[in-house]
Each structure stands twice: as structure tokens, then as C-alpha cells.
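Q: So that you have it, the file is protein.pdb, and it contains PDB, C-alpha atoms and all ligand atoms:
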```pdb
ATOM      1  CA  MET A   1     133.633 -53.495 142.710  1.00  0.00           C
ATOM      2  CA  PRO A   2     136.894 -55.392 142.744  1.00  0.00           C
ATOM      3  CA  LYS A   3     139.723 -53.778 140.829  1.00  0.00           C
ATOM      4  CA  ARG A   4     140.956 -56.887 139.193  1.00  0.00           C
ATOM      5  CA  ARG A   5     138.453 -58.882 137.232  1.00  0.00           C
ATOM      6  CA  ARG A   6     138.793 -62.447 138.237  1.00  0.00           C
ATOM      7  CA  LYS A   7     137.836 -65.128 135.834  1.00  0.00           C
ATOM      8  CA  LEU A   8     134.551 -66.589 136.888  1.00  0.00           C
ATOM      9  CA  ALA A   9     134.542 -70.237 137.625  1.00  0.00           C
ATOM     10  CA  PRO A  10     131.952 -72.318 135.813  1.00  0.00           C
ATOM     11  CA  LEU A  11     128.670 -72.328 137.568  1.00  0.00           C
ATOM     12  CA  LYS A  12     127.955 -74.884 140.177  1.00  0.00           C
ATOM     13  CA  LYS A  13     124.688 -75.944 141.553  1.00  0.00           C
ATOM     14  CA  PRO A  14     123.923 -78.053 144.578  1.00  0.00           C
ATOM     15  CA  ARG A  15     123.029 -81.569 143.683  1.00  0.00           C
ATOM     16  CA  ARG A  16     119.398 -82.428 143.492  1.00  0.00           C
ATOM     17  CA  SER A  17     117.782 -85.073 141.386  1.00  0.00           C
ATOM     18  CA  LYS A  18     119.679 -86.072 138.310  1.00  0.00           C
ATOM     19  CA  PRO A  19     118.136 -84.863 135.048  1.00  0.00           C
ATOM     20  CA  ALA A  20     118.468 -87.561 132.449  1.00  0.00           C
ATOM     21  CA  GLU A  21     119.732 -85.299 129.706  1.00  0.00           C
ATOM     22  CA  VAL A  22     122.773 -84.365 131.722  1.00  0.00           C
ATOM     23  CA  LEU A  23     123.848 -87.953 131.885  1.00  0.00           C
ATOM     24  CA  VAL A  24     123.310 -88.817 128.269  1.00  0.00           C
ATOM     25  CA  GLY A  25     126.549 -89.196 126.426  1.00  0.00           C
ATOM     26  CA  ALA A  26     128.805 -88.205 129.276  1.00  0.00           C
ATOM     27  CA  PRO A  27     131.575 -90.755 129.168  1.00  0.00           C
ATOM     28  CA  GLY A  28     133.496 -92.107 132.094  1.00  0.00           C
ATOM     29  CA  GLY A  29     131.363 -90.525 134.767  1.00  0.00           C
ATOM     30  CA  ARG A  30     132.004 -87.039 133.464  1.00  0.00           C
ATOM     31  CA  MET A  31     129.414 -84.309 133.315  1.00  0.00           C
ATOM     32  CA  LEU A  32     128.462 -82.668 130.064  1.00  0.00           C
ATOM     33  CA  CYS A  33     127.810 -78.987 129.699  1.00  0.00           C
ATOM     34  CA  LEU A  34     124.033 -78.632 129.802  1.00  0.00           C
ATOM     35  CA  VAL A  35     123.971 -76.734 126.518  1.00  0.00           C
ATOM     36  CA  PRO A  36     122.837 -79.132 123.805  1.00  0.00           C
ATOM     37  CA  PHE A  37     125.613 -80.264 121.468  1.00  0.00           C
ATOM     38  CA  CYS A  38     128.313 -78.774 123.610  1.00  0.00           C
ATOM     39  CA  ARG A  39     130.875 -81.487 124.126  1.00  0.00           C
ATOM     40  CA  ARG A  40     132.681 -79.990 127.044  1.00  0.00           C
ATOM     41  CA  THR A  41     132.801 -82.049 130.157  1.00  0.00           C
ATOM     42  CA  ARG A  42     134.012 -81.752 133.682  1.00  0.00           C
ATOM     43  CA  LYS A  43     134.901 -84.258 136.279  1.00  0.00           C
ATOM     44  CA  ASP A  44     131.817 -85.367 138.138  1.00  0.00           C
ATOM     45  CA  ASP A  45     132.857 -84.861 141.707  1.00  0.00           C
ATOM     46  CA  GLY A  46     129.362 -85.587 142.937  1.00  0.00           C
ATOM     47  CA  ARG A  47     128.692 -82.082 144.170  1.00  0.00           C
ATOM     48  CA  PHE A  48     126.539 -80.852 141.332  1.00  0.00           C
ATOM     49  CA  ASP A  49     124.029 -82.252 138.940  1.00  0.00           C
ATOM     50  CA  GLU A  50     124.182 -79.597 136.257  1.00  0.00           C
ATOM     51  CA  TRP A  51     127.008 -77.610 134.835  1.00  0.00           C
ATOM     52  CA  ILE A  52     127.580 -74.925 132.241  1.00  0.00           C
ATOM     53  CA  CYS A  53     131.021 -74.854 130.668  1.00  0.00           C
ATOM     54  CA  GLY A  54     133.111 -71.704 130.834  1.00  0.00           C
ATOM     55  CA  LYS A  55     132.479 -70.848 127.216  1.00  0.00           C
ATOM     56  CA  HIS A  56     128.717 -70.881 127.559  1.00  0.00           C
ATOM     57  CA  TRP A  57     128.836 -69.372 130.994  1.00  0.00           C
ATOM     58  CA  THR A  58     130.335 -66.223 129.534  1.00  0.00           C
ATOM     59  CA  LEU A  59     127.348 -65.887 127.218  1.00  0.00           C
ATOM     60  CA  THR A  60     125.068 -65.209 130.153  1.00  0.00           C
ATOM     61  CA  PRO A  61     124.509 -61.706 131.520  1.00  0.00           C
ATOM     62  CA  ARG A  62     127.064 -60.823 134.125  1.00  0.00           C
ATOM     63  CA  SER A  63     124.512 -59.213 136.394  1.00  0.00           C
ATOM     64  CA  TRP A  64     122.539 -62.463 136.563  1.00  0.00           C
ATOM     65  CA  ARG A  65     125.636 -64.432 137.423  1.00  0.00           C
ATOM     66  CA  ARG A  66     126.440 -61.930 140.108  1.00  0.00           C
ATOM     67  CA  GLY A  67     122.902 -62.201 141.397  1.00  0.00           C
ATOM     68  CA  LEU A  68     123.172 -65.939 141.628  1.00  0.00           C
ATOM     69  CA  PHE A  69     126.400 -65.794 143.611  1.00  0.00           C
ATOM     70  CA  LEU A  70     125.044 -63.094 145.868  1.00  0.00           C
ATOM     71  CA  PHE A  71     121.844 -64.997 146.583  1.00  0.00           C
ATOM     72  CA  ARG A  72     123.795 -68.095 147.323  1.00  0.00           C
ATOM     73  CA  ARG A  73     126.305 -66.420 149.571  1.00  0.00           C
ATOM     74  CA  ARG A  74     123.609 -64.713 151.567  1.00  0.00           C
ATOM     75  CA  GLY A  75     121.734 -67.938 151.894  1.00  0.00           C
ATOM     76  CA  VAL A  76     118.677 -66.505 150.208  1.00  0.00           C
ATOM     77  CA  HIS A  77     115.838 -68.929 149.618  1.00  0.00           C
ATOM     78  CA  HIS A  78     116.643 -71.931 147.640  1.00  0.00           C
ATOM     79  CA  GLU A  79     113.811 -71.138 145.311  1.00  0.00           C
ATOM     80  CA  LEU A  80     115.286 -67.841 144.251  1.00  0.00           C
ATOM     81  CA  VAL A  81     118.638 -69.440 143.540  1.00  0.00           C
ATOM     82  CA  ALA A  82     116.952 -72.166 141.534  1.00  0.00           C
ATOM     83  CA  ARG A  83     114.991 -69.621 139.537  1.00  0.00           C
ATOM     84  CA  MET A  84     118.095 -67.636 138.749  1.00  0.00           C
ATOM     85  CA  TRP A  85     119.836 -70.806 137.668  1.00  0.00           C
ATOM     86  CA  ASP A  86     116.948 -71.636 135.364  1.00  0.00           C
ATOM     87  CA  ARG A  87     117.139 -68.225 133.753  1.00  0.00           C
ATOM     88  CA  LEU A  88     120.874 -68.530 133.268  1.00  0.00           C
ATOM     89  CA  LYS A  89     120.416 -71.968 131.802  1.00  0.00           C
ATOM     90  CA  ARG A  90     117.809 -70.764 129.366  1.00  0.00           C
ATOM     91  CA  VAL A  91     119.823 -67.805 128.196  1.00  0.00           C
ATOM     92  CA  ALA A  92     122.993 -69.894 127.825  1.00  0.00           C
ATOM     93  CA  ILE A  93     121.136 -72.377 125.660  1.00  0.00           C
ATOM     94  CA  GLU A  94     119.434 -69.653 123.637  1.00  0.00           C
ATOM     95  CA  ARG A  95     122.623 -67.768 122.977  1.00  0.00           C
ATOM     96  CA  ALA A  96     124.489 -70.926 122.148  1.00  0.00           C
ATOM     97  CA  ALA A  97     121.824 -71.569 119.516  1.00  0.00           C
ATOM     98  CA  GLY A  98     122.361 -68.072 118.164  1.00  0.00           C
ATOM     99  CA  LEU A  99     119.035 -66.577 119.127  1.00  0.00           C
TER     100      LEU A  99
HETATM  101 ZN    ZN B   1     129.054 -75.574 126.856  1.00  0.00          ZN
END
```
What's the C-alpha cells form of this structure?
Ligand SMILES: [Zn+2]
A:
Amino acid sequence: MPKRRRKLAPLKKPRRSKPAEVLVGAPGGRMLCLVPFCRRTRKDDGRFDEWICGKHWTLTPRSWRRGLFLFRRRGVHHELVARMWDRLKRVAIERAAGL
């Protein structure tokens, strides 16, 4: 474990197909946080097609986030990374809704 806790950067995901809901309401080519009703945006640099803002990202379990980064760094199957992302997405949305 690192001594100093670094602030985690918002989650990034390799670009695949573009889900329509991500594009809705994002002005000026910016990306919206995928949590419904969250108005946070980031610059769309074309690298990702989904994004969770820092605020909602911190609502997700740290171990899952770690898992995602570890899988990705080790180049573990794409499918596993995608599944982990889906879980993180779901929990971020659920917690944002106060469930
Ligand atoms: Zn958000």
C-alpha cells in the first residue's frame, strides 16, 4: 500500500460505441457524468465514451476501483474490465439516488 493516498482521477474507459444517453444534454462537445441528473461535465478528448465525475466516483467501493485499475494495468481480458466498469456504474448510480 502506498503511504500517501493520492486522489483518484475520475474513471476512464476506452472508447467503444457511443451510448446515446451520454450525449444527451452535453453542451459544446463535453461529456456528462453518466449518473442521471448529475450536471458535471468534462472535456471530451475523444478517448472515452463514458465518464463518472469525481464526486460520484468516490461513492463507489474503493476495492472495486482498485480492481478495475489492476485489471487494466495487467491487461486482463477486456470482458472483465467491462464487467467491473458496469458494476461501478451501477453502484455509482444507485448511491447517487440514495439507495
Ligand atoms: Zn456525477
Q: Just the residues within 7 Å of range 66-73 of chain A, please, counting only C-alpha atoms, with nothing from its chain fewer than 4 positions along; format it as a VMD selection string.
A: chain A and resid 62 81 84
Q: Name the residues in contact with Asp86 in chain A at a cut-off of 12 Å, using all atoms listed in the file, excluding same-chain residues fewer than 4 positions from it; report them as a list in words.
A: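 These residues fall inside the cut-off: Leu11, Lys13, Leu34, Glu50, Trp51, Ile52, Thr60, Trp64, Arg65, Leu68, Glu79, Leu80, Val81, Ala82, Arg90, Val91, Ala92 and Ile93 of chain A.
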Q: Grab the residues selected above and save them as a PDB file, keeping the file's coordinate frame with C-alpha atoms.
A:
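Saved as out33.pdb:
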```pdb
ATOM      1  CA  LEU A  11     128.670 -72.328 137.568  1.00  0.00           C
ATOM      2  CA  LYS A  13     124.688 -75.944 141.553  1.00  0.00           C
ATOM      3  CA  LEU A  34     124.033 -78.632 129.802  1.00  0.00           C
ATOM      4  CA  GLU A  50     124.182 -79.597 136.257  1.00  0.00           C
ATOM      5  CA  TRP A  51     127.008 -77.610 134.835  1.00  0.00           C
ATOM      6  CA  ILE A  52     127.580 -74.925 132.241  1.00  0.00           C
ATOM      7  CA  THR A  60     125.068 -65.209 130.153  1.00  0.00           C
ATOM      8  CA  TRP A  64     122.539 -62.463 136.563  1.00  0.00           C
ATOM      9  CA  ARG A  65     125.636 -64.432 137.423  1.00  0.00           C
ATOM     10  CA  LEU A  68     123.172 -65.939 141.628  1.00  0.00           C
ATOM     11  CA  GLU A  79     113.811 -71.138 145.311  1.00  0.00           C
ATOM     12  CA  LEU A  80     115.286 -67.841 144.251  1.00  0.00           C
ATOM     13  CA  VAL A  81     118.638 -69.440 143.540  1.00  0.00           C
ATOM     14  CA  ALA A  82     116.952 -72.166 141.534  1.00  0.00           C
ATOM     15  CA  ARG A  90     117.809 -70.764 129.366  1.00  0.00           C
ATOM     16  CA  VAL A  91     119.823 -67.805 128.196  1.00  0.00           C
ATOM     17  CA  ALA A  92     122.993 -69.894 127.825  1.00  0.00           C
ATOM     18  CA  ILE A  93     121.136 -72.377 125.660  1.00  0.00           C
TER      19      ILE A  93
END
```
Q: Evaluate the PyMOL selection byres (((not hetatm)) within 8 of (chain B and resi 1)) on the structure here and hand back the selected residues as a PyMOL selection string.
A: chain A and resi 32-40+52-57
Q: Those residues with C-alpha atoms, as a PDB file, keeping the file's coordinate frame please?
A:
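Dumped to result_8.pdb:
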```pdb
ATOM      1  CA  LEU A  32     128.462 -82.668 130.064  1.00  0.00           C
ATOM      2  CA  CYS A  33     127.810 -78.987 129.699  1.00  0.00           C
ATOM      3  CA  LEU A  34     124.033 -78.632 129.802  1.00  0.00           C
ATOM      4  CA  VAL A  35     123.971 -76.734 126.518  1.00  0.00           C
ATOM      5  CA  PRO A  36     122.837 -79.132 123.805  1.00  0.00           C
ATOM      6  CA  PHE A  37     125.613 -80.264 121.468  1.00  0.00           C
ATOM      7  CA  CYS A  38     128.313 -78.774 123.610  1.00  0.00           C
ATOM      8  CA  ARG A  39     130.875 -81.487 124.126  1.00  0.00           C
ATOM      9  CA  ARG A  40     132.681 -79.990 127.044  1.00  0.00           C
ATOM     10  CA  ILE A  52     127.580 -74.925 132.241  1.00  0.00           C
ATOM     11  CA  CYS A  53     131.021 -74.854 130.668  1.00  0.00           C
ATOM     12  CA  GLY A  54     133.111 -71.704 130.834  1.00  0.00           C
ATOM     13  CA  LYS A  55     132.479 -70.848 127.216  1.00  0.00           C
ATOM     14  CA  HIS A  56     128.717 -70.881 127.559  1.00  0.00           C
ATOM     15  CA  TRP A  57     128.836 -69.372 130.994  1.00  0.00           C
TER      16      TRP A  57
END
```
Q: Applying the PyMOL selection byres (((chain A and resi 31) around 6) and not hetatm) to the file I just gave you, which residues come out? Please list them as a list in words.
A: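 Selected by the PyMOL selection byres (((chain A and resi 31) around 6) and not hetatm) in this file: Ala26, Arg30, Leu32, Thr41, Arg42 and Asp44 of chain A.
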Q: Between CA of Glu94 in chain A and CA of Asp49 in chain A, what is the distance in Å, rounded to a tenth?
A: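 Separation between CA of Glu94 in chain A and CA of Asp49 in chain A: 20.3 Å.
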Q: Just how far from CA of Phe48 in chain A is CA of Gly98 in chain A, in Å to one decimal?
A: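 CA of Gly98 in chain A sits 26.8 Å away from CA of Phe48 in chain A.
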Q: What does the structure give for the distance between CA of Asp45 in chain A and CA of Ala97 in chain A, in Å to one decimal?
A: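 Calculated distance between CA of Asp45 in chain A and CA of Ala97 in chain A is 28.1 Å.
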Q: With all atoms listed in the file as the atoms that count, which of A:His77, A:Arg87, A:Gly29, A:Lys43 lies nearest to Ser63 in chain A?
A: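 Of the candidates, the smallest distance to Ser63 in chain A is held by A:Arg87.
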